[in-house]
Each structure stands twice: as structure tokens, then as C-alpha cells.
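Remarks on the structure that follows.
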Amino acid sequence: MTRVALAAAVEEAAARDPVLSNLVSLVGVVKHRPRNADGPFGALARAIVFQQLAGRAAQAILGRVVVAAGGHLTADALSVTADEDLRAAGLSANKLAALRDLTAKVLDGTVDFSRFGRQSDDAIIDQLIGVRGIGHWTAEMFLMFELRRLDVWPVDDLGVRQGYGLAWGIDPPPTPKPLLALGEPFRPYRSVLARYCWEAVALHRGGTDPSLR
């Protein structure tokens, strides 16, 4: 699998479309977010904990879960952490069940992180959505930010849809099916497009018009 630097992907994608080029000029070149300190497992466990919670509350619960697990959010550590300790950290019954399922599937090899580097995005998504509590969107975010895959196009993400509408002047914003087609010209760098759609929303909220007038 050929690796392309994010900055090079941004340059190539921006060269294909004046609206995206304008967004890059307004925002600058986006950078990769730091990977999870506890690796892919930690990233997925964090995603489960954060579901449907405000950021501060989720972060507080996650911190207590990490402490309960002995300081590191790994499959081995969680496998020997008592349910009552994890519930006391603030996990709901559903999230505890999801973490237990993720732990079991990692330990038995159903989800094998060591193979992800050789697998397609779709193959990885198929594995991940088999885990309780991990849906398609969570798998896409994992691909984009933990694995740093460059061709993820999360058309169900409201921010992506809103940002595309704001930047390209489509009102109301496109729904997932037409948005899927609108991403085609940007292959294999649709993650870049998604990142700048989110940036378009941030620009709009800050009072800057993200569209090319």
C-alpha cells in the first residue's frame, strides 16, 4: 500500500477544485491528529466511552476507566478489570458490554490490528462493525484518525454534509447519496475533503464565509 504524506494529499486534492483550494488558503494545511497513546485498542475503547456524551463528562469517565484498568487502556488490562470497577468509573451497562465485546474479539483474533496495514478500508470496517457498540461512522473515524487513511468519505456525518453545502453553495446541504457522488472527483484523497468540510463549518461559525465568491 503506497503511503502519501497528508500535505501532499492536500495539495493534490486542492489542485482539482477551486472551492477546496480556497478552503486550504483560508485554513492552511491540516495536520494529522495525535494517535491514541494506547494504540488502536485505546482509540476504539475511547470512541465507545465517548458515544452520546458531552466531551468533559466523557473525558472524566475515560480517565476513571484508565485508572481502573491500571493506567493503560489495553485488551489485556481490561480483561482482568472487574465489572464493578468499570461500572463505578461511570460506564453504562451498554458501554461496559461493548468494551467487553471489543476486548474479547481482540484477544481471540476476530479483530486483528496487526493485519490492518495490509487490509482495505472496507475490510477493516467489516471487522469493526461486528463489535458491539461500533457502527459505520465510528469505524470511519478510526480509519481517518488512528490509521490515517486518506480516502475515507463519511457521507452520513452531519458536519461533512453541512460543510460541503456551505463551501460549495448548496442549500439545503446534500444528503448522503448525492454527497457520495460529489466526493468521487477527490479519490483517493476524500479524507482531505472531509477534513475541510469540517473546517468550513468552523469558518462559518467564526464569521468567515467558506465559499468561493
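Labeling convention for the C-alpha cells: chains A, B, ... as they appear, residues from 1 per chain, ligands from 1 in order of appearance.
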Please report as JSON lines every residue of stretch 27-113 of chain A lying within 12 Å of stretch 185-201 of chain A, along with the nearest atom pair and their distance in Å (one decimal), using only C-alpha atoms.
{"residue": "A:Val27", "atom": "CA", "partner": "A:Glu199", "partner_atom": "CA", "distance": 7.3}
{"residue": "A:Gly28", "atom": "CA", "partner": "A:Tyr196", "partner_atom": "CA", "distance": 9.9}
{"residue": "A:Val29", "atom": "CA", "partner": "A:Tyr196", "partner_atom": "CA", "distance": 9.5}
{"residue": "A:Val30", "atom": "CA", "partner": "A:Arg195", "partner_atom": "CA", "distance": 7.7}
{"residue": "A:Lys31", "atom": "CA", "partner": "A:Arg195", "partner_atom": "CA", "distance": 9.8}
{"residue": "A:His32", "atom": "CA", "partner": "A:Arg195", "partner_atom": "CA", "distance": 10.2}
{"residue": "A:Arg33", "atom": "CA", "partner": "A:Arg195", "partner_atom": "CA", "distance": 11.3}
Quick one: which stretch 94-177 of chain A residues come within 12 Å of stretch 75-82 of chain A, and what is the nearest atom pair for each with the distance in Å to one decimal, counting only C-alpha atoms, rows ordered by chain and ascending number, as a Markdown table?
| residue | atom | partner | partner_atom | distance |
| --- | --- | --- | --- | --- |
| A:Leu96 | CA | A:Leu78 | CA | 10.4 |
| A:Ala97 | CA | A:Leu78 | CA | 11.9 |
| A:Ala98 | CA | A:Leu78 | CA | 11.9 |
| A:Leu99 | CA | A:Leu78 | CA | 8.3 |
| A:Arg100 | CA | A:Ser79 | CA | 7.6 |
| A:Asp101 | CA | A:Ala75 | CA | 10.2 |
| A:Leu102 | CA | A:Ala75 | CA | 8.0 |
| A:Thr103 | CA | A:Ala75 | CA | 4.9 |
| A:Ala104 | CA | A:Ala75 | CA | 7.8 |
| A:Lys105 | CA | A:Ala75 | CA | 9.3 |
| A:Val106 | CA | A:Ala75 | CA | 6.9 |
| A:Leu107 | CA | A:Ala75 | CA | 6.8 |
| A:Asp108 | CA | A:Ala75 | CA | 10.5 |
| A:Gly109 | CA | A:Ala75 | CA | 11.4 |
| A:Val111 | CA | A:Ala75 | CA | 11.3 |
| A:Asp112 | CA | A:Ala75 | CA | 11.8 |
| A:Phe113 | CA | A:Ala75 | CA | 11.7 |
Please produce a file of those selected residues containing N, CA, C and O atoms, as a PDB file, in the first residue's frame.
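What landed in out_35.pdb:
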ATOM      1  N   LEU A  96     -20.213  -0.920  28.942  1.00  0.00           N
ATOM      2  CA  LEU A  96     -19.411  -1.990  29.520  1.00  0.00           C
ATOM      3  C   LEU A  96     -19.486  -3.235  28.645  1.00  0.00           C
ATOM      4  O   LEU A  96     -18.470  -3.870  28.355  1.00  0.00           O
ATOM      5  N   ALA A  97     -20.688  -3.569  28.176  1.00  0.00           N
ATOM      6  CA  ALA A  97     -20.849  -4.732  27.311  1.00  0.00           C
ATOM      7  C   ALA A  97     -20.081  -4.549  26.006  1.00  0.00           C
ATOM      8  O   ALA A  97     -19.483  -5.495  25.481  1.00  0.00           O
ATOM      9  N   ALA A  98     -20.085  -3.321  25.481  1.00  0.00           N
ATOM     10  CA  ALA A  98     -19.354  -3.048  24.246  1.00  0.00           C
ATOM     11  C   ALA A  98     -17.847  -3.194  24.455  1.00  0.00           C
ATOM     12  O   ALA A  98     -17.147  -3.783  23.617  1.00  0.00           O
ATOM     13  N   LEU A  99     -17.333  -2.672  25.552  1.00  0.00           N
ATOM     14  CA  LEU A  99     -15.902  -2.816  25.839  1.00  0.00           C
ATOM     15  C   LEU A  99     -15.525  -4.272  26.051  1.00  0.00           C
ATOM     16  O   LEU A  99     -14.446  -4.718  25.627  1.00  0.00           O
ATOM     17  N   ARG A 100     -16.395  -5.030  26.700  1.00  0.00           N
ATOM     18  CA  ARG A 100     -16.124  -6.455  26.905  1.00  0.00           C
ATOM     19  C   ARG A 100     -16.096  -7.188  25.558  1.00  0.00           C
ATOM     20  O   ARG A 100     -15.258  -8.064  25.320  1.00  0.00           O
ATOM     21  N   ASP A 101     -16.994  -6.819  24.653  1.00  0.00           N
ATOM     22  CA  ASP A 101     -17.024  -7.462  23.343  1.00  0.00           C
ATOM     23  C   ASP A 101     -15.781  -7.101  22.535  1.00  0.00           C
ATOM     24  O   ASP A 101     -15.180  -7.967  21.889  1.00  0.00           O
ATOM     25  N   LEU A 102     -15.392  -5.830  22.567  1.00  0.00           N
ATOM     26  CA  LEU A 102     -14.164  -5.418  21.885  1.00  0.00           C
ATOM     27  C   LEU A 102     -12.966  -6.168  22.446  1.00  0.00           C
ATOM     28  O   LEU A 102     -12.130  -6.690  21.681  1.00  0.00           O
ATOM     29  N   THR A 103     -12.886  -6.245  23.755  1.00  0.00           N
ATOM     30  CA  THR A 103     -11.769  -6.947  24.393  1.00  0.00           C
ATOM     31  C   THR A 103     -11.718  -8.405  23.958  1.00  0.00           C
ATOM     32  O   THR A 103     -10.657  -8.920  23.581  1.00  0.00           O
ATOM     33  N   ALA A 104     -12.857  -9.080  24.000  1.00  0.00           N
ATOM     34  CA  ALA A 104     -12.906 -10.493  23.627  1.00  0.00           C
ATOM     35  C   ALA A 104     -12.502 -10.709  22.172  1.00  0.00           C
ATOM     36  O   ALA A 104     -11.746 -11.637  21.858  1.00  0.00           O
ATOM     37  N   LYS A 105     -12.984  -9.850  21.284  1.00  0.00           N
ATOM     38  CA  LYS A 105     -12.702 -10.026  19.853  1.00  0.00           C
ATOM     39  C   LYS A 105     -11.250  -9.712  19.519  1.00  0.00           C
ATOM     40  O   LYS A 105     -10.685 -10.283  18.576  1.00  0.00           O
ATOM     41  N   VAL A 106     -10.639  -8.813  20.269  1.00  0.00           N
ATOM     42  CA  VAL A 106      -9.214  -8.545  20.061  1.00  0.00           C
ATOM     43  C   VAL A 106      -8.376  -9.711  20.586  1.00  0.00           C
ATOM     44  O   VAL A 106      -7.435 -10.173  19.927  1.00  0.00           O
ATOM     45  N   LEU A 107      -8.730 -10.210  21.749  1.00  0.00           N
ATOM     46  CA  LEU A 107      -7.942 -11.294  22.342  1.00  0.00           C
ATOM     47  C   LEU A 107      -8.079 -12.605  21.580  1.00  0.00           C
ATOM     48  O   LEU A 107      -7.126 -13.395  21.532  1.00  0.00           O
ATOM     49  N   ASP A 108      -9.241 -12.849  20.956  1.00  0.00           N
ATOM     50  CA  ASP A 108      -9.388 -14.107  20.216  1.00  0.00           C
ATOM     51  C   ASP A 108      -9.015 -13.967  18.736  1.00  0.00           C
ATOM     52  O   ASP A 108      -9.095 -14.931  17.969  1.00  0.00           O
ATOM     53  N   GLY A 109      -8.607 -12.755  18.330  1.00  0.00           N
ATOM     54  CA  GLY A 109      -8.133 -12.558  16.965  1.00  0.00           C
ATOM     55  C   GLY A 109      -9.211 -12.227  15.948  1.00  0.00           C
ATOM     56  O   GLY A 109      -8.900 -12.063  14.761  1.00  0.00           O
ATOM     57  N   VAL A 111     -10.744  -9.452  15.722  1.00  0.00           N
ATOM     58  CA  VAL A 111     -10.233  -8.149  15.287  1.00  0.00           C
ATOM     59  C   VAL A 111      -8.726  -8.185  15.497  1.00  0.00           C
ATOM     60  O   VAL A 111      -8.255  -8.266  16.630  1.00  0.00           O
ATOM     61  N   ASP A 112      -7.995  -8.162  14.404  1.00  0.00           N
ATOM     62  CA  ASP A 112      -6.536  -8.321  14.468  1.00  0.00           C
ATOM     63  C   ASP A 112      -5.861  -7.063  13.949  1.00  0.00           C
ATOM     64  O   ASP A 112      -5.723  -6.860  12.741  1.00  0.00           O
ATOM     65  N   PHE A 113      -5.444  -6.210  14.863  1.00  0.00           N
ATOM     66  CA  PHE A 113      -4.840  -4.943  14.467  1.00  0.00           C
ATOM     67  C   PHE A 113      -3.565  -5.133  13.647  1.00  0.00           C
ATOM     68  O   PHE A 113      -3.229  -4.281  12.822  1.00  0.00           O
TER      69      PHE A 113
END
#### Entry: Shell around A:Arg149 at 12 Å using only C-alpha atoms, local window under 2 positions removed, as a ChimeraX atom specification
/A:1-6,9,32,116-117,119-122,124,139-147,151-153,187-192,194
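Using only C-alpha atoms for every distance, the candidate list A:Ala181, A:Ile48, A:Ile170, A:Ala37 yields A:Ile48 as the residue closest to A:Ile134.
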#### Entry: Picked from stretch 1-88 of chain A by DSSP as alpha helix (DSSP H), as a ChimeraX atom specification
/A:6-15,18-27,39-50,55-68,75-79,83-88
### Task
Tell me which of A:Ile61, A:Ala15, A:Ala89, A:Leu44 sits closest to A:Trp137, counting only C-alpha atoms.
A:Leu44
### Near-A:Gly42 list (9 Å; only C-alpha atoms; drop same-chain fewer than 3 positions) as number ranges by chain
A: 36-39, 45-47, 72-75
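Counting from atom CA of A:Thr138, the distance to atom CA of A:Ser114 is 19.3 Å.
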### Task
Fewer than 6 positions away in the same chain doesn't count, so skip those; otherwise give me all residues within 10 Å of A:Leu86, counting only C-alpha atoms, as a PyMOL selection string.
chain A and resi 61-62+64-69+78+92-93+95-96+99
Include all heavy atoms and write out the residues we just selected as a short mmCIF file (atom, residue, chain, number, x, y, z; two decimals), in the first residue's frame.
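Output below, filename selection.cif:
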data_model
loop_
_atom_site.label_atom_id
_atom_site.label_comp_id
_atom_site.auth_asym_id
_atom_site.auth_seq_id
_atom_site.Cartn_x
_atom_site.Cartn_y
_atom_site.Cartn_z
N ILE A 61 -15.04 10.21 32.61
CA ILE A 61 -15.29 8.76 32.72
C ILE A 61 -14.12 7.97 32.16
O ILE A 61 -13.67 7.00 32.76
CB ILE A 61 -16.60 8.39 32.00
CG1 ILE A 61 -17.80 9.01 32.74
CG2 ILE A 61 -16.76 6.88 31.90
CD1 ILE A 61 -19.11 8.88 32.00
N LEU A 62 -13.63 8.41 31.00
CA LEU A 62 -12.49 7.70 30.39
C LEU A 62 -11.29 7.69 31.34
O LEU A 62 -10.62 6.67 31.49
CB LEU A 62 -12.12 8.37 29.08
CG LEU A 62 -10.92 7.74 28.33
CD1 LEU A 62 -11.26 6.33 27.87
CD2 LEU A 62 -10.52 8.60 27.14
N ARG A 64 -11.28 7.75 34.55
CA ARG A 64 -11.51 6.80 35.64
C ARG A 64 -11.41 5.36 35.15
O ARG A 64 -10.94 4.47 35.88
CB ARG A 64 -12.88 7.06 36.28
CG ARG A 64 -12.96 8.40 37.02
CD ARG A 64 -14.18 8.48 37.91
NE ARG A 64 -15.43 8.48 37.17
CZ ARG A 64 -16.07 9.58 36.77
NH1 ARG A 64 -15.55 10.78 37.03
NH2 ARG A 64 -17.21 9.51 36.10
N VAL A 65 -11.84 5.11 33.91
CA VAL A 65 -11.71 3.77 33.33
C VAL A 65 -10.24 3.40 33.20
O VAL A 65 -9.82 2.27 33.52
CB VAL A 65 -12.42 3.69 31.96
CG1 VAL A 65 -12.06 2.40 31.23
CG2 VAL A 65 -13.93 3.77 32.15
N VAL A 66 -9.43 4.33 32.73
CA VAL A 66 -7.99 4.08 32.59
C VAL A 66 -7.37 3.76 33.95
O VAL A 66 -6.56 2.83 34.08
CB VAL A 66 -7.29 5.28 31.92
CG1 VAL A 66 -5.78 5.11 31.96
CG2 VAL A 66 -7.76 5.44 30.48
N VAL A 67 -7.74 4.52 34.96
CA VAL A 67 -7.22 4.26 36.31
C VAL A 67 -7.64 2.87 36.78
O VAL A 67 -6.83 2.10 37.33
CB VAL A 67 -7.71 5.35 37.29
CG1 VAL A 67 -7.37 4.94 38.73
CG2 VAL A 67 -7.06 6.68 36.96
N ALA A 68 -8.91 2.52 36.56
CA ALA A 68 -9.41 1.21 36.98
C ALA A 68 -8.66 0.08 36.27
O ALA A 68 -8.45 -1.00 36.84
CB ALA A 68 -10.90 1.10 36.70
N ALA A 69 -8.23 0.35 35.03
CA ALA A 69 -7.52 -0.67 34.25
C ALA A 69 -6.02 -0.68 34.54
O ALA A 69 -5.28 -1.42 33.87
CB ALA A 69 -7.76 -0.44 32.76
N LEU A 78 -7.98 -4.61 30.37
CA LEU A 78 -9.42 -4.63 30.61
C LEU A 78 -9.93 -6.03 30.92
O LEU A 78 -10.90 -6.19 31.66
CB LEU A 78 -10.16 -4.06 29.41
CG LEU A 78 -10.31 -2.54 29.34
CD1 LEU A 78 -11.15 -2.15 28.14
CD2 LEU A 78 -10.94 -1.98 30.61
N SER A 92 -21.93 2.92 31.50
CA SER A 92 -23.26 2.34 31.47
C SER A 92 -23.15 0.84 31.21
O SER A 92 -22.09 0.34 30.79
CB SER A 92 -24.10 2.98 30.36
OG SER A 92 -23.56 2.64 29.08
N ALA A 93 -24.23 0.12 31.41
CA ALA A 93 -24.23 -1.31 31.15
C ALA A 93 -23.94 -1.60 29.68
O ALA A 93 -23.19 -2.54 29.34
CB ALA A 93 -25.57 -1.92 31.56
N LYS A 95 -22.23 0.29 27.52
CA LYS A 95 -20.84 0.58 27.16
C LYS A 95 -19.89 -0.45 27.77
O LYS A 95 -18.89 -0.82 27.14
CB LYS A 95 -20.47 1.99 27.59
CG LYS A 95 -21.15 3.05 26.75
CD LYS A 95 -20.72 4.44 27.08
CE LYS A 95 -21.44 5.45 26.18
NZ LYS A 95 -21.02 6.84 26.45
N LEU A 96 -20.21 -0.92 28.94
CA LEU A 96 -19.41 -1.99 29.52
C LEU A 96 -19.49 -3.24 28.65
O LEU A 96 -18.47 -3.87 28.35
CB LEU A 96 -19.90 -2.31 30.94
CG LEU A 96 -19.21 -3.50 31.62
CD1 LEU A 96 -17.70 -3.30 31.71
CD2 LEU A 96 -19.82 -3.73 33.01
N LEU A 99 -17.33 -2.67 25.55
CA LEU A 99 -15.90 -2.82 25.84
C LEU A 99 -15.53 -4.27 26.05
O LEU A 99 -14.45 -4.72 25.63
CB LEU A 99 -15.52 -1.99 27.06
CG LEU A 99 -15.43 -0.47 26.87
CD1 LEU A 99 -15.05 0.20 28.19
CD2 LEU A 99 -14.42 -0.12 25.79
#
